[in-house]
file target-v6.csv (CSV, C-alpha atoms)
chain,number,residue,atom,x,y,z
A,286,MET,CA,19.7,-22.0,37.9
A,287,ARG,CA,22.4,-24.7,38.1
A,288,LEU,CA,25.2,-22.9,39.9
A,289,GLU,CA,28.6,-23.1,38.2
A,290,ARG,CA,30.7,-20.2,39.4
A,291,VAL,CA,30.6,-17.6,42.3
A,292,ILE,CA,32.6,-14.4,41.8
A,293,TYR,CA,33.0,-11.6,44.3
A,294,GLU,CA,33.2,-8.3,42.3
A,295,LEU,CA,35.4,-5.9,44.2
A,296,PHE,CA,36.2,-2.2,44.5
A,297,GLU,CA,39.8,-1.1,44.2
A,298,SER,CA,39.8,-0.3,48.0
A,299,GLU,CA,39.4,-4.0,48.7
A,300,GLY,CA,42.8,-4.7,47.2
A,301,GLY,CA,41.7,-7.9,45.4
A,302,ALA,CA,40.7,-9.6,48.6
A,303,VAL,CA,37.7,-9.6,51.0
A,304,ARG,CA,37.5,-9.2,54.7
A,305,ARG,CA,37.2,-12.7,56.0
A,306,ASP,CA,36.4,-14.2,59.4
A,307,PRO,CA,37.5,-17.9,59.1
A,308,ALA,CA,36.0,-18.9,62.5
A,309,ALA,CA,32.6,-17.7,61.5
A,310,GLN,CA,33.1,-18.6,57.8
A,311,CYS,CA,32.0,-15.1,56.9
A,312,ASP,CA,33.1,-13.0,53.9
A,313,GLU,CA,32.5,-9.2,53.7
A,314,VAL,CA,32.1,-7.9,50.1
A,315,THR,CA,31.6,-4.1,49.6
A,316,ARG,CA,30.5,-4.3,46.0
A,317,GLN,CA,28.5,-7.4,44.8
A,318,VAL,CA,28.3,-11.2,44.5
A,319,ARG,CA,27.9,-12.6,41.0
A,320,LEU,CA,26.4,-16.1,40.6
A,321,GLU,CA,26.9,-17.7,37.2
A,322,GLY,CA,24.7,-20.6,36.0
A,323,ALA,CA,25.5,-23.5,33.6
A,324,ALA,CA,23.3,-22.0,30.9
A,325,GLY,CA,25.1,-18.6,31.0
A,326,GLU,CA,22.6,-16.9,33.3
A,327,ARG,CA,23.8,-14.5,36.0
A,328,VAL,CA,22.4,-13.3,39.2
A,329,TYR,CA,23.9,-10.4,41.1
A,330,ILE,CA,23.4,-9.8,44.8
A,331,SER,CA,24.3,-6.4,46.2
A,332,TRP,CA,23.3,-3.8,48.8
A,333,ALA,CA,21.0,-1.0,47.9
A,334,TRP,CA,19.0,1.8,49.6
A,335,GLY,CA,15.8,3.7,49.0
A,336,ARG,CA,12.6,2.2,47.6
A,337,GLY,CA,10.7,2.8,50.9
A,338,GLN,CA,13.2,0.9,53.0
A,339,PRO,CA,14.4,2.5,56.3
A,340,ASP,CA,18.1,1.7,55.6
A,341,TYR,CA,20.4,-0.4,53.4
A,342,PHE,CA,19.1,-3.7,52.2
A,343,LEU,CA,19.9,-6.4,49.7
A,344,GLU,CA,18.7,-6.9,46.2
A,345,HIS,CA,19.2,-9.6,43.6
A,346,ALA,CA,18.8,-9.1,39.8
A,347,PRO,CA,20.0,-10.6,36.5
A,348,GLY,CA,22.0,-7.5,35.7
A,349,SER,CA,24.8,-5.7,37.6
A,350,PHE,CA,23.9,-3.0,40.1
A,351,PHE,CA,26.9,-1.0,38.9
A,352,THR,CA,27.5,0.7,35.6
A,353,ASN,CA,31.3,0.3,35.7
A,354,SER,CA,33.3,-2.9,35.6
A,355,PRO,CA,34.7,-4.2,38.9
A,356,ASP,CA,38.2,-3.2,39.8
A,357,ALA,CA,39.0,-6.8,40.7
A,358,GLU,CA,37.2,-10.2,40.7
A,359,LEU,CA,37.7,-13.0,43.2
A,360,ASP,CA,36.6,-16.5,42.2
A,361,VAL,CA,35.3,-18.2,45.4
A,362,THR,CA,33.6,-21.2,43.7
A,363,ALA,CA,35.8,-23.7,45.5
A,364,SER,CA,35.5,-22.0,48.9
A,365,PRO,CA,34.1,-24.0,51.8
A,366,VAL,CA,31.1,-21.6,52.0
A,367,TRP,CA,30.0,-22.0,48.3
A,368,ARG,CA,31.3,-25.5,47.4
A,369,PRO,CA,28.2,-27.3,48.7
A,370,LEU,CA,26.0,-25.4,46.2
A,371,VAL,CA,28.2,-25.7,43.1
A,372,ARG,CA,26.8,-27.8,40.2
A,373,ARG,CA,23.4,-28.0,41.9
A,374,GLU,CA,20.1,-26.3,41.1
A,375,VAL,CA,19.8,-23.3,43.4
A,376,ILE,CA,16.9,-21.2,44.5
A,377,ILE,CA,17.5,-17.5,45.4
A,378,GLY,CA,15.1,-15.6,47.5
A,379,TYR,CA,14.6,-13.4,50.6
A,380,ARG,CA,14.5,-15.1,54.0
A,381,ASP,CA,11.7,-12.7,55.1
A,382,ASN,CA,10.1,-9.4,54.2
A,383,GLU,CA,12.8,-7.2,55.8
A,384,TRP,CA,15.1,-7.6,52.7
A,385,GLN,CA,18.2,-8.1,54.9
A,386,VAL,CA,18.9,-11.8,54.1
A,387,ILE,CA,18.9,-13.5,50.8
A,388,GLU,CA,19.2,-17.3,50.8
A,389,VAL,CA,21.0,-19.2,48.0
A,390,ARG,CA,19.7,-22.7,48.6
A,391,ALA,CA,20.0,-26.2,47.1
A,392,GLY,CA,18.1,-28.6,49.3
A,393,GLU,CA,19.6,-28.5,52.8
A,394,ALA,CA,22.7,-26.7,51.6
A,395,VAL,CA,22.4,-22.9,52.0
A,396,VAL,CA,24.5,-19.7,51.8
A,397,TYR,CA,23.1,-16.5,53.4
A,398,CYS,CA,23.9,-13.1,52.0
A,399,CYS,CA,23.1,-10.5,54.6
A,400,SER,CA,23.2,-6.7,54.8
A,401,PHE,CA,23.0,-5.8,58.5
A,402,GLN,CA,21.6,-2.5,57.2
A,403,MET,CA,25.0,-1.6,55.9
A,404,ASP,CA,26.5,-0.9,52.5
A,405,ARG,CA,28.0,-4.3,52.0
A,406,VAL,CA,27.2,-8.0,51.6
A,407,TYR,CA,28.1,-10.4,54.3
A,408,VAL,CA,28.3,-14.0,53.1
A,409,MET,CA,28.0,-17.0,55.5
A,410,PRO,CA,26.9,-20.6,55.7
A,411,ARG,CA,24.7,-20.4,58.8
A,412,LEU,CA,22.4,-18.2,60.9
A,413,ARG,CA,22.2,-18.3,64.7
A,414,ASP,CA,18.7,-18.2,66.3
A,415,GLY,CA,17.3,-16.7,63.2
A,416,ARG,CA,19.7,-13.8,63.4
A,417,THR,CA,22.9,-13.5,61.4
A,418,ILE,CA,26.4,-13.9,62.7
A,419,ARG,CA,28.3,-10.7,62.0
A,420,CYS,CA,31.8,-10.6,60.5
A,421,THR,CA,34.3,-8.9,62.7

call {"tool": "encode", "arguments": {"input": "target-v6.csv", "output": "structure tokens"}}
result
Amino acid sequence: MRLERVIYELFESEGGAVRRDPAAQCDEVTRQVRLEGAAGERVYISWAWGRGQPDYFLEHAPGSFFTNSPDAELDVTASPVWRPLVRREVIIGYRDNEWQVIEVRAGEAVVYCCSFQMDRVYVMPRLRDGRTIRCT
């Protein structure tokens, strides 16, 4: 998919903004991330539970994980975290078999979407020692 837009779909409780740690370049999204491609395709990344997993984990799919529309949307396409991937072919996949980290990658440029076994998506541009940096 050639990435064109990145939208954070938000709950009303988020008040149209996300919890952000500028030092770690980390965003905390409690609903889902929507990636939009140049040909109109979409990929959603969100937290989930069940399916034999011991705790919350991440999933990605071409359709929304929620039946209702988001209460708010935040376009983060031009943010420092996502900008290196925009207008490039991206590959989306799990970092390992624990379903806690999804990589959105275009060559060396990468964004990590992480769960930390919680009901949210943490978005960040780097991992430290194979473990994620947590938003505070």

call {"tool": "closest_residue", "arguments": {"input": "target-v6.csv", "among": "A:Gln338, A:Gln385, A:Gln402, A:Ser364", "to": "A:Arg290", "atoms": "all atoms listed in the file"}}
result
A:Ser364

call {"tool": "atom_distance", "arguments": {"input": "target-v6.csv", "atom1": "atom CA of A:Pro365", "atom2": "atom CA of A:Met409"}}
result
10.0 Å

call {"tool": "closest_residue", "arguments": {"input": "target-v6.csv", "among": "A:Glu388, A:Glu299, A:Asp404, A:Glu383", "to": "A:His345", "atoms": "only C-alpha atoms"}}
result
A:Glu388

call {"tool": "residues_around", "arguments": {"input": "target-v6.csv", "residues": "A:Glu297", "least_positions_apart": "2", "cutoff": "9 Å", "atoms": "all atoms listed in the file", "output": "list in words"}}
result
Leu295, Glu299, Gly300, Gly301, Pro355, Asp356 and Ala357 of chain A

call {"tool": "closest_residue", "arguments": {"input": "target-v6.csv", "among": "A:Tyr379, A:Trp332, A:Trp367, A:Phe350", "to": "A:Arg405", "atoms": "all atoms listed in the file"}}
result
A:Trp332

call {"tool": "closest_residue", "arguments": {"input": "target-v6.csv", "among": "A:Gln310, A:Asn353, A:Ser400, A:Thr362", "to": "A:Ala333", "atoms": "all atoms listed in the file"}}
result
A:Ser400

call {"tool": "residues_around", "arguments": {"input": "target-v6.csv", "residues": "A:Ile330", "least_positions_apart": "4", "cutoff": "7 Å", "atoms": "all atoms listed in the file", "output": "ChimeraX atom specification"}}
result
/A:317-319,343-346

call {"tool": "atom_distance", "arguments": {"input": "target-v6.csv", "atom1": "atom CA of A:Met286", "atom2": "atom CA of A:Tyr397"}}
result
16.8 Å

call {"tool": "closest_residue", "arguments": {"input": "target-v6.csv", "among": "A:Gly325, A:Gly337, A:Pro410, A:Pro347", "to": "A:Pro369", "atoms": "only C-alpha atoms"}}
result
A:Pro410

call {"tool": "atom_distance", "arguments": {"input": "target-v6.csv", "atom1": "atom CA of A:Ile387", "atom2": "atom CA of A:Leu320"}}
result
12.9 Å

call {"tool": "closest_residue", "arguments": {"input": "target-v6.csv", "among": "A:Val314, A:Gly348, A:Glu294, A:Val396", "to": "A:Val371", "atoms": "all atoms listed in the file"}}
result
A:Val396
